[in-house]
Every structure is written in C-alpha cells, then in structure tokens.
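S.K.: Input upload-v6.pdb, format and content: PDB, C-alpha atoms.
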ATOM      1  CA  MET A  67      95.852  86.627  37.582
ATOM      2  CA  LYS A  68      99.317  88.001  36.878
ATOM      3  CA  VAL A  69     100.640  91.191  38.446
ATOM      4  CA  LYS A  70     103.825  93.039  37.539
ATOM      5  CA  VAL A  71     105.528  94.458  40.629
ATOM      6  CA  CYS A  72     108.512  96.699  41.230
ATOM      7  CA  VAL A  73     110.662  97.026  44.346
ATOM      8  CA  ILE A  74     112.680 100.244  44.502
ATOM      9  CA  GLN A  75     116.160 100.107  46.074
ATOM     10  CA  ASP A  76     117.466 103.648  46.158
ATOM     11  CA  SER A  77     118.350 106.519  48.484
ATOM     12  CA  PRO A  78     116.228 109.458  49.552
ATOM     13  CA  VAL A  79     117.464 113.015  49.351
ATOM     14  CA  PHE A  80     118.303 112.691  53.003
ATOM     15  CA  PHE A  81     116.261 114.804  55.419
ATOM     16  CA  ASP A  82     114.723 116.761  52.536
ATOM     17  CA  LYS A  83     111.049 115.886  52.118
ATOM     18  CA  ALA A  84     110.414 118.080  49.081
ATOM     19  CA  GLN A  85     113.313 116.725  47.048
ATOM     20  CA  THR A  86     112.620 113.146  48.127
ATOM     21  CA  LEU A  87     109.004 113.474  46.989
ATOM     22  CA  ALA A  88     110.333 114.675  43.627
ATOM     23  CA  LYS A  89     112.573 111.599  43.483
ATOM     24  CA  VAL A  90     109.613 109.349  44.323
ATOM     25  CA  ASP A  91     107.755 110.967  41.401
ATOM     26  CA  GLU A  92     110.629 110.274  39.016
ATOM     27  CA  LEU A  93     111.243 106.683  40.084
ATOM     28  CA  THR A  94     107.562 105.738  40.131
ATOM     29  CA  SER A  95     107.003 107.232  36.683
ATOM     30  CA  ARG A  96     110.045 105.436  35.286
ATOM     31  CA  TYR A  97     108.910 101.980  36.367
ATOM     32  CA  ALA A  98     105.233 102.576  35.658
ATOM     33  CA  LYS A  99     106.303 103.134  32.041
ATOM     34  CA  GLN A 100     107.905  99.674  32.188
ATOM     35  CA  GLY A 101     104.577  98.125  33.132
ATOM     36  CA  ALA A 102     104.716  98.050  36.938
ATOM     37  CA  GLU A 103     101.273  97.816  38.564
ATOM     38  CA  LEU A 104     102.630  97.946  42.124
ATOM     39  CA  VAL A 105     105.639 100.047  43.178
ATOM     40  CA  VAL A 106     107.128  99.567  46.656
ATOM     41  CA  PHE A 107     109.578 101.888  48.447
ATOM     42  CA  PRO A 108     111.736 101.078  51.522
ATOM     43  CA  GLU A 109     111.251 101.787  55.213
ATOM     44  CA  SER A 110     111.311 105.491  56.104
ATOM     45  CA  PHE A 111     112.219 106.468  52.544
ATOM     46  CA  ILE A 112     110.762 109.878  53.307
ATOM     47  CA  PRO A 113     112.733 111.655  54.745
ATOM     48  CA  GLY A 114     115.300 108.889  55.343
ATOM     49  CA  TYR A 115     116.252 106.369  58.022
ATOM     50  CA  PRO A 116     118.549 108.310  60.423
ATOM     51  CA  ARG A 117     121.157 105.602  60.869
ATOM     52  CA  GLY A 118     123.903 106.559  63.292
ATOM     53  CA  PHE A 119     122.027 109.437  64.932
ATOM     54  CA  SER A 120     121.764 109.588  68.746
ATOM     55  CA  PHE A 121     119.497 112.655  68.867
ATOM     56  CA  GLY A 122     121.585 113.750  71.837
ATOM     57  CA  THR A 123     120.143 111.121  74.153
ATOM     58  CA  ARG A 124     121.631 108.953  76.854
ATOM     59  CA  MET A 125     120.174 107.240  79.893
ATOM     60  CA  GLY A 126     118.973 110.097  82.099
ATOM     61  CA  GLY A 127     119.901 112.939  79.758
ATOM     62  CA  ARG A 128     119.072 114.786  76.538
ATOM     63  CA  SER A 129     120.927 117.620  74.793
ATOM     64  CA  GLU A 130     119.600 120.817  73.258
ATOM     65  CA  GLN A 131     121.294 119.890  69.976
ATOM     66  CA  GLY A 132     119.432 116.584  69.993
ATOM     67  CA  ARG A 133     116.127 118.363  70.531
ATOM     68  CA  GLU A 134     116.876 120.670  67.603
ATOM     69  CA  LEU A 135     117.668 117.675  65.392
ATOM     70  CA  TYR A 136     114.407 115.981  66.392
ATOM     71  CA  ALA A 137     112.492 119.165  65.537
ATOM     72  CA  GLU A 138     114.160 119.174  62.110
ATOM     73  CA  TYR A 139     113.270 115.505  61.586
ATOM     74  CA  LEU A 140     109.699 116.256  62.612
ATOM     75  CA  ALA A 141     109.484 119.113  60.117
ATOM     76  CA  GLN A 142     110.722 116.899  57.254
ATOM     77  CA  SER A 143     108.387 113.985  58.038
ATOM     78  CA  VAL A 144     105.147 113.186  56.218
ATOM     79  CA  ASP A 145     101.919 114.752  57.450
ATOM     80  CA  LEU A 146      98.849 112.974  56.090
ATOM     81  CA  GLN A 147      96.723 116.033  56.849
ATOM     82  CA  SER A 148      98.831 118.161  54.498
ATOM     83  CA  GLU A 149      99.495 118.310  50.770
ATOM     84  CA  ASP A 150     102.044 115.479  51.238
ATOM     85  CA  LEU A 151      99.294 112.885  50.904
ATOM     86  CA  GLY A 152      97.629 114.601  47.958
ATOM     87  CA  ARG A 153     100.897 114.594  46.063
ATOM     88  CA  LEU A 154     101.374 110.851  46.546
ATOM     89  CA  GLU A 155      97.744 110.136  45.648
ATOM     90  CA  ASP A 156      98.067 112.237  42.488
ATOM     91  CA  LEU A 157     101.199 110.315  41.518
ATOM     92  CA  SER A 158      99.468 106.954  42.005
ATOM     93  CA  ARG A 159      96.473 108.081  39.965
ATOM     94  CA  GLN A 160      98.481 109.667  37.148
ATOM     95  CA  GLN A 161     100.749 106.644  36.736
ATOM     96  CA  GLN A 162      97.945 104.123  37.382
ATOM     97  CA  VAL A 163     100.001 102.160  39.893
ATOM     98  CA  TYR A 164      99.453 101.009  43.434
ATOM     99  CA  LEU A 165     102.038 102.782  45.567
ATOM    100  CA  VAL A 166     103.292 101.427  48.894
ATOM    101  CA  ILE A 167     105.871 103.639  50.539
ATOM    102  CA  GLY A 168     107.703 103.726  53.845
ATOM    103  CA  VAL A 169     107.667 107.096  55.573
ATOM    104  CA  THR A 170     108.329 108.656  58.917
ATOM    105  CA  GLU A 171     104.871 109.999  59.688
ATOM    106  CA  LYS A 172     104.141 113.042  61.817
ATOM    107  CA  LEU A 173     101.077 112.822  64.078
ATOM    108  CA  ASN A 174     100.864 116.027  66.110
ATOM    109  CA  SER A 175     104.398 116.203  67.546
ATOM    110  CA  SER A 176     105.030 112.456  67.591
ATOM    111  CA  LEU A 177     106.621 110.326  64.900
ATOM    112  CA  TYR A 178     105.765 106.842  63.632
ATOM    113  CA  CYS A 179     107.458 104.514  61.203
ATOM    114  CA  SER A 180     104.651 103.976  58.707
ATOM    115  CA  MET A 181     103.807 102.193  55.481
ATOM    116  CA  LEU A 182     101.248 103.954  53.265
ATOM    117  CA  TYR A 183      99.006 101.959  50.911
ATOM    118  CA  ILE A 184      97.777 104.100  48.005
ATOM    119  CA  SER A 185      95.379 103.027  45.233
ATOM    120  CA  PRO A 186      95.261 104.654  41.782
ATOM    121  CA  THR A 187      91.466 104.823  42.007
ATOM    122  CA  GLU A 188      90.720 105.374  45.693
ATOM    123  CA  GLY A 189      93.748 107.173  47.062
ATOM    124  CA  LEU A 190      94.950 106.285  50.544
ATOM    125  CA  LEU A 191      93.610 102.845  51.461
ATOM    126  CA  GLY A 192      95.201 102.874  54.896
ATOM    127  CA  VAL A 193      98.353 103.033  56.983
ATOM    128  CA  HIS A 194     100.378 100.398  58.804
ATOM    129  CA  ARG A 195     102.353 101.967  61.646
ATOM    130  CA  LYS A 196     105.131  99.916  63.200
ATOM    131  CA  ILE A 197     103.829  98.263  66.356
ATOM    132  CA  LYS A 198     107.282  97.743  67.866
ATOM    133  CA  PRO A 199     110.230  99.982  66.988
ATOM    134  CA  THR A 200     113.563  98.241  67.555
ATOM    135  CA  ALA A 201     116.244  99.301  70.045
ATOM    136  CA  PHE A 202     117.066 103.027  69.695
ATOM    137  CA  GLU A 203     114.150 103.525  67.280
ATOM    138  CA  ARG A 204     111.958 103.618  70.405
ATOM    139  CA  VAL A 205     113.420 107.015  71.314
ATOM    140  CA  ILE A 206     112.060 108.699  68.179
ATOM    141  CA  TRP A 207     109.154 106.505  66.974
ATOM    142  CA  GLY A 208     105.941 105.747  68.826
ATOM    143  CA  GLU A 209     104.321 102.303  69.084
ATOM    144  CA  ALA A 210     101.120 101.634  67.150
ATOM    145  CA  GLY A 211      98.347  99.194  68.090
ATOM    146  CA  GLY A 212      96.348  96.346  66.604
ATOM    147  CA  GLU A 213      94.302  98.761  64.511
ATOM    148  CA  ASP A 214      97.394  99.246  62.355
ATOM    149  CA  LEU A 215      97.682  95.548  61.420
ATOM    150  CA  CYS A 216      95.777  96.261  58.223
ATOM    151  CA  THR A 217      95.300  94.404  54.944
ATOM    152  CA  PHE A 218      93.657  95.417  51.684
ATOM    153  CA  ASP A 219      91.746  93.406  49.090
ATOM    154  CA  THR A 220      92.583  95.196  45.835
ATOM    155  CA  ARG A 221      92.277  94.635  42.117
ATOM    156  CA  ILE A 222      95.835  93.234  42.078
ATOM    157  CA  GLY A 223      95.410  90.942  45.087
ATOM    158  CA  LYS A 224      95.353  91.083  48.876
ATOM    159  CA  LEU A 225      98.106  93.369  50.136
ATOM    160  CA  GLY A 226      99.582  93.469  53.624
ATOM    161  CA  GLY A 227     102.840  93.218  55.503
ATOM    162  CA  LEU A 228     105.096  94.342  58.326
ATOM    163  CA  ILE A 229     108.059  96.689  58.655
ATOM    164  CA  CYS A 230     111.616  95.520  59.351
ATOM    165  CA  TRP A 231     111.965  93.540  62.610
ATOM    166  CA  GLU A 232     108.205  93.321  63.102
ATOM    167  CA  ASN A 233     108.716  90.445  60.678
ATOM    168  CA  TYR A 234     110.490  88.563  63.479
ATOM    169  CA  MET A 235     107.264  88.675  65.554
ATOM    170  CA  PRO A 236     105.497  85.308  64.977
ATOM    171  CA  LEU A 237     102.102  86.470  66.229
ATOM    172  CA  ALA A 238     102.203  89.631  64.118
ATOM    173  CA  ARG A 239     102.947  87.511  61.053
ATOM    174  CA  MET A 240     100.107  85.154  61.929
ATOM    175  CA  ALA A 241      97.753  88.116  62.271
ATOM    176  CA  MET A 242      98.587  89.000  58.654
ATOM    177  CA  TYR A 243      98.312  85.416  57.372
ATOM    178  CA  ARG A 244      94.833  85.031  58.858
ATOM    179  CA  GLN A 245      93.735  87.933  56.657
ATOM    180  CA  GLY A 246      94.717  85.925  53.570
ATOM    181  CA  VAL A 247      97.646  88.089  52.454
ATOM    182  CA  GLU A 248      98.751  87.260  48.914
ATOM    183  CA  ILE A 249     101.401  89.948  48.336
ATOM    184  CA  TYR A 250     103.313  90.464  51.578
ATOM    185  CA  LEU A 251     105.345  93.682  51.757
ATOM    186  CA  ALA A 252     108.418  93.934  53.993
ATOM    187  CA  PRO A 253     110.214  97.297  53.769
ATOM    188  CA  THR A 254     113.280  97.272  55.989
ATOM    189  CA  ALA A 255     116.543  98.920  57.016
ATOM    190  CA  ASP A 256     118.272  95.549  57.612
ATOM    191  CA  ALA A 257     120.837  94.919  54.879
ATOM    192  CA  ARG A 258     122.452  91.790  56.298
ATOM    193  CA  GLU A 259     122.496  88.737  54.067
ATOM    194  CA  ARG A 260     120.702  86.645  56.676
ATOM    195  CA  TRP A 261     117.696  88.985  56.408
ATOM    196  CA  ASN A 262     116.898  87.311  53.106
ATOM    197  CA  HIS A 263     116.535  83.979  54.912
ATOM    198  CA  THR A 264     113.674  85.628  56.807
ATOM    199  CA  MET A 265     112.053  86.771  53.556
ATOM    200  CA  ILE A 266     112.212  83.217  52.181
ATOM    201  CA  HIS A 267     110.879  81.795  55.447
ATOM    202  CA  ILE A 268     107.887  84.162  55.417
ATOM    203  CA  ALA A 269     107.077  83.249  51.814
ATOM    204  CA  LEU A 270     107.132  79.549  52.692
ATOM    205  CA  GLU A 271     105.278  80.020  55.978
ATOM    206  CA  GLY A 272     102.561  82.296  54.605
ATOM    207  CA  ARG A 273     102.464  80.698  51.139
ATOM    208  CA  CYS A 274     102.462  84.210  49.714
ATOM    209  CA  PHE A 275     104.654  86.381  47.519
ATOM    210  CA  VAL A 276     107.103  88.430  49.589
ATOM    211  CA  LEU A 277     108.584  91.745  48.469
ATOM    212  CA  GLY A 278     111.560  92.706  50.634
ATOM    213  CA  CYS A 279     112.597  96.310  50.056
ATOM    214  CA  ASN A 280     115.604  98.216  51.407
ATOM    215  CA  GLN A 281     117.432 101.450  50.706
ATOM    216  CA  TYR A 282     120.843 101.665  49.095
ATOM    217  CA  ILE A 283     122.628 104.509  50.855
ATOM    218  CA  THR A 284     126.179 105.306  51.923
ATOM    219  CA  LYS A 285     127.529 107.753  54.485
ATOM    220  CA  SER A 286     128.782 110.022  51.687
ATOM    221  CA  MET A 287     125.180 110.488  50.543
ATOM    222  CA  TYR A 288     124.343 112.261  53.797
ATOM    223  CA  PRO A 289     124.538 116.058  53.552
ATOM    224  CA  GLU A 290     127.845 117.185  55.007
ATOM    225  CA  LYS A 291     126.292 118.622  58.180
ATOM    226  CA  TYR A 292     124.953 115.170  59.122
ATOM    227  CA  ARG A 293     127.995 113.026  58.363
ATOM    228  CA  GLN A 294     129.649 113.683  61.695
ATOM    229  CA  LEU A 295     126.546 112.317  63.411
ATOM    230  CA  ALA A 296     127.197 108.961  61.726
ATOM    231  CA  GLU A 297     130.980 108.989  61.969
ATOM    232  CA  GLN A 298     131.020 105.613  63.754
ATOM    233  CA  GLU A 299     129.225 103.977  60.808
ATOM    234  CA  GLU A 300     130.978 102.283  57.897
ATOM    235  CA  GLU A 301     130.870 104.081  54.546
ATOM    236  CA  ALA A 302     128.632 101.466  52.908
ATOM    237  CA  PHE A 303     126.326 101.131  55.901
ATOM    238  CA  CYS A 304     123.228 100.105  53.938
ATOM    239  CA  PRO A 305     124.121  98.077  50.810
ATOM    240  CA  GLY A 306     120.522  97.007  50.104
ATOM    241  CA  GLY A 307     119.488  93.384  49.725
ATOM    242  CA  SER A 308     116.028  93.840  48.224
ATOM    243  CA  VAL A 309     114.411  90.610  47.026
ATOM    244  CA  ILE A 310     111.206  89.140  45.577
ATOM    245  CA  VAL A 311     110.237  85.601  46.648
ATOM    246  CA  SER A 312     107.535  83.185  45.448
ATOM    247  CA  PRO A 313     105.079  81.274  47.702
ATOM    248  CA  MET A 314     107.301  78.191  47.379
ATOM    249  CA  GLY A 315     110.389  80.096  48.532
ATOM    250  CA  LYS A 316     111.924  80.576  45.096
ATOM    251  CA  VAL A 317     113.822  83.848  44.687
ATOM    252  CA  LEU A 318     112.305  85.524  41.633
ATOM    253  CA  ALA A 319     114.507  88.633  41.651
ATOM    254  CA  GLY A 320     117.525  89.738  43.669
ATOM    255  CA  PRO A 321     118.856  89.943  46.209
ATOM    256  CA  LEU A 322     120.360  93.227  45.001
ATOM    257  CA  TYR A 323     123.426  94.446  46.890
ATOM    258  CA  GLY A 324     125.858  97.296  46.446
ATOM    259  CA  ALA A 325     123.889  99.467  44.031
ATOM    260  CA  ALA A 326     120.779 101.525  43.587
ATOM    261  CA  GLY A 327     118.238  99.988  41.246
ATOM    262  CA  ALA A 328     114.920  98.210  41.079
ATOM    263  CA  LEU A 329     113.685  94.633  40.964
ATOM    264  CA  MET A 330     110.746  93.722  38.752
ATOM    265  CA  ALA A 331     108.841  90.467  38.530
ATOM    266  CA  GLU A 332     105.544  89.149  37.220
ATOM    267  CA  LEU A 333     103.625  87.397  39.983
ATOM    268  CA  ASP A 334     101.160  84.672  39.025
ATOM    269  CA  LEU A 335      98.667  84.705  41.900
ATOM    270  CA  SER A 336      97.383  81.251  40.923
ATOM    271  CA  GLU A 337     100.619  79.881  42.420
ATOM    272  CA  ILE A 338      99.320  80.729  45.887
ATOM    273  CA  ALA A 339      96.464  78.206  45.795
ATOM    274  CA  LYS A 340      98.789  75.511  44.475
ATOM    275  CA  ALA A 341     101.334  76.221  47.203
ATOM    276  CA  ARG A 342      98.666  75.746  49.869
ATOM    277  CA  LEU A 343      97.918  72.151  48.867
ATOM    278  CA  ASP A 344     100.208  70.771  51.543
ATOM    279  CA  PHE A 345     100.602  73.745  53.877
ATOM    280  CA  ASP A 346      98.109  76.495  54.724
ATOM    281  CA  VAL A 347      99.137  78.233  57.926
ATOM    282  CA  ALA A 348      95.738  79.865  58.448
ATOM    283  CA  GLY A 349      93.731  76.930  57.083
ATOM    284  CA  HIS A 350      94.179  73.171  57.313
ATOM    285  CA  TYR A 351      97.529  73.518  59.129
ATOM    286  CA  SER A 352      96.263  75.924  61.801
ATOM    287  CA  ARG A 353      94.963  73.401  64.400
ATOM    288  CA  ASN A 354      92.318  75.750  65.748
ATOM    289  CA  ASP A 355      91.272  73.020  68.159
ATOM    290  CA  ILE A 356      94.577  73.627  69.988
ATOM    291  CA  PHE A 357      95.529  77.239  69.299
ATOM    292  CA  ASP A 358      93.505  80.413  69.701
ATOM    293  CA  LEU A 359      95.129  83.677  68.636
ATOM    294  CA  LYS A 360      93.328  86.827  69.734
ATOM    295  CA  VAL A 361      94.441  90.097  68.141
ATOM    296  CA  ARG A 362      92.966  93.181  69.757
ATOM    297  CA  ASN A 363      91.499  95.796  67.421
ATOM    298  CA  GLN A 364      92.849  94.386  64.158
ATOM    299  CA  PRO A 365      90.535  95.682  61.419
ATOM    300  CA  GLU A 366      88.739  93.442  58.983
ATOM    301  CA  ILE A 367      90.170  93.185  55.469
ATOM    302  CA  GLN A 368      89.441  96.489  53.775
ATOM    303  CA  LYS A 369      88.010  95.916  50.335
ATOM    304  CA  GLU A 370      88.678  98.272  47.478
ATOM    305  CA  SER A 371      85.647  99.199  45.371
ATOM    306  CA  ARG A 372      85.746  96.946  42.317
ATOM    307  CA  SER A 373      83.529  99.321  40.326
ATOM    308  CA  LYS A 374      86.178 102.017  40.577
ATOM    309  CA  SER A 375      89.023  99.641  39.837
ATOM    310  CA  LEU A 376      87.788  98.134  36.601
TER     311      LEU A 376
END
Once you've parsed the file, please lay out its structure as structure tokens.
M.R.:
Amino acid sequence: MKVKVCVIQDSPVFFDKAQTLAKVDELTSRYAKQGAELVVFPESFIPGYPRGFSFGTRMGGRSEQGRELYAEYLAQSVDLQSEDLGRLEDLSRQQQVYLVIGVTEKLNSSLYCSMLYISPTEGLLGVHRKIKPTAFERVIWGEAGGEDLCTFDTRIGKLGGLICWENYMPLARMAMYRQGVEIYLAPTADARERWNHTMIHIALEGRCFVLGCNQYITKSMYPEKYRQLAEQEEEAFCPGGSVIVSPMGKVLAGPLYGAAGALMAELDLSEIAKARLDFDVAGHYSRNDIFDLKVRNQPEIQKESRSKSL
C-alpha cells in the first residue's frame, strides 16, 4: 500500500489559538488538495512553543508577571472538551486527511505537551502526552504516564511516535516498536542538524518510516510584547529541519532549513517487511530469552473501524 504524507514546517500565529487554528485550516486544505492523506504539524504548534520564556521563575521564587503569562498561555492552549477539538475533527473530515498535530493541551489548570491523532472518519483516535518534558519545560508541562504511549492501526497504516527528546529514551522507543509502528511521527522543537541523525537512527532501528516535523519561526515573528522575553535568543532561533526517512534510513524529503514550507512523499508500506528481513527489533532480533521490557499501563493498539474507513 502506498500513502502520500505531508509534513508541515511553518510558524503558528504565536500565542493566538483562534488565528493559529485558522492557519491550520488553510495549510491542511492546501496540501490535501495536493493529494496528502496524512498531514503532520510540529510540537506545540498551537499556540506555539514559548522558546526563551522564563515565566518569571527561578529556584525558590516566582513573579506575578510570570503567573500572568502562564494564565495567558493556559487560556490560549487547546481544550479537548471545547469546540477546539470539534474544529480539528471537522477539518480532518472535510479534507479527508488524517491529521496529527502538536498542541499544548489544557487539562483543568495544568498543561501538557500533546500530539493529537485525528481520523477523517472517526474523529479523535487518541492523544499522546509527553511523558518527560525536557529541562525548563518541566516548569510548565506535566508528565504523562504509560497510558499515553498509544498507537493506532488505521486505513493508512499503524501510526505512533514520540515528541522531541522523548525520542532519546530507548525504552520509550521500544515500547512503540513493540506495537508494530509503521509510520513513526516525531514532532520536535530541536532544529540542530544532529537531530536528523536521530531521525535516521530511529528509522533504521524501528524499520519504519519516520516523519520528523519542526516549526520554522524567528524572533521577529513573535508579537512585539513577547520579543523582550526572548531577547537572549538569536533571531533565527528555530530554522526547522523537518525530514522524512525510509525504513532503510534513506532520506526521502528534506531536511528543510531556513524557510517555511512542507515536505511531501509517497510511502510504500511494503518496504517495511523487506527492511525487516535482516533486522526486526521487536521480532527475531529482540532476544526475549534475555530481555523483558515491562511497560506499565500502555494501551493495546487501537484499531480504527475498517467499515467506516472504506
């Protein structure tokens, strides 16, 4: 089976959920018209990854201004109990594409870095919430558990993945491989060139297609009132680096640096079985007689209804 995929590398309308949702509508529609069956957006695309922000925190102290900024971030984040979800589900259905999008998700008054999986026939399939925020991210994002290590068996293949530096966690990757992931999604905020070595490694290790997806955003794209909060950052602080890699580690598209845009590629899922002839990390190469990985609360593969998908 062949699947046409699209990785979006662009900028949100920073800290503006309504306008960013409108931009998601426009970009998804544009690439759906070009034949995309799966459209992927970067980490925390809605309402934006707050690079450079301190939220007024230091060891042993917080500021009132930082609390106000957090409240603003909370207000602009995605609430799956609101019309936010319905709008994304409507978009997926209208354009007949699978939509995977990175958001900052609001749960009560806490925030999580999340990846939403949306089907054109069944709506929200599920949510992966980052199980380990990195460094300062831990101040603003909560930690999820094993129940968020989810995968989905869909009409276009088995989808799954991890967010940003979760991809450096060997056991988290193995938890995904054991579910038989075929299209591995890796939204990120890491724009360094060496990040693409990780994307190639995961493709070779998991014998799966890997879609690495990052924003392209500069400091000048921040609204003026936020620029001073990132004054220590370089102007081109997130130049992108999105990439699409085959199960044999061949770069099919990208990496894209220094510009907004999109990568498109046709994935031939039959390549996965061929790639596993000599290496299958969850199969004949797993040595289950030696190793025993236990993942608490990871859900079984969630299967999309084929009758609705055909």
S.K.: CA of Pro186 (chain A) and CA of Leu146 (chain A) are how many Å apart?
M.R.: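 Result for CA of Pro186 (chain A) versus CA of Leu146 (chain A): 16.9 Å, one decimal.
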S.K.: Mind telling me what the PyMOL selection byres ((chain A and resi 344-356) around 8) catches here, as a count of residues only?
M.R.: 12
S.K.: Considering only C-alpha atoms, can you say which of A:Leu191, A:Leu329, A:Ala296, A:Val309 comes closest to Arg117 (chain A)?
M.R.: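 Of A:Leu191, A:Leu329, A:Ala296, A:Val309, the one nearest Arg117 (chain A), counting only C-alpha atoms, is A:Ala296.
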S.K.: Here is a test: counting only C-alpha atoms, which residue of A:Ile222, A:Ala137, A:Cys179, A:Val79 is nearest to Gln281 (chain A)?
M.R.: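 Ranked by minimum distance to Gln281 (chain A), first place goes to A:Val79.
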S.K.: When you look at Phe202 (chain A) with a cut-off of 12 Å (counting all atoms listed in the file), what residues show up, excluding the ones that are within fewer than 2 positions of it in the same chain? I need them as a PyMOL selection string.
M.R.: chain A and resi 116-125+198-200+204-208
S.K.: Could you spell out the hits of the PyMOL selection byres ((chain A and resi 228) around 12) on the shown file, as a count of residues only?
M.R.: 50
S.K.: One number please: CA of Gly315 (chain A) to CA of Ala269 (chain A), in Å, one decimal.
M.R.: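 Distance between the two atoms: 5.6 Å.
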S.K.: Figure out the distance between CA of Thr187 (chain A) and CA of Val163 (chain A), please, to one decimal in Å.
M.R.: 9.2 Å
S.K.: Kindly indicate which residue among A:Glu259, A:Glu213, A:Glu203, A:Glu299 lies nearest to Gly324 (chain A), using all atoms listed in the file for the distances.
M.R.: A:Glu259
S.K.: When the PyMOL selection byres ((chain A and resi 81) around 9) is applied to the file above, which residues end up in the set, as a PyMOL selection string?
M.R.: chain A and resi 78-80+82-83+86+112-116+138-139+142-143+288-289
S.K.: Under the rule that all atoms listed in the file are counted, which of A:Tyr323, A:Gln245, A:Thr284, A:Met314 is the nearest residue to Glu300 (chain A)?
M.R.: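 Closest to Glu300 (chain A) of all the choices is A:Thr284.
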S.K.: Would you compute the box with edges along x, y and z of the file around region 241-252 of chain A, including every atom the file lists for it and 4 Å extra on each side, and give its centre and edge lengths in Å to one decimal, as JSON?
M.R.:
{"center_x": 101.1, "center_y": 89.5, "center_z": 55.3, "size_x": 22.7, "size_y": 16.9, "size_z": 21.9}
S.K.: Just want the 7 Å neighbourhood of Ala326 (chain A), counted on only C-alpha atoms, with same-chain residues fewer than 5 positions away dropped. Output as a list of chain:residue names.
M.R.: A:Gln75, A:Asp76, A:Tyr282
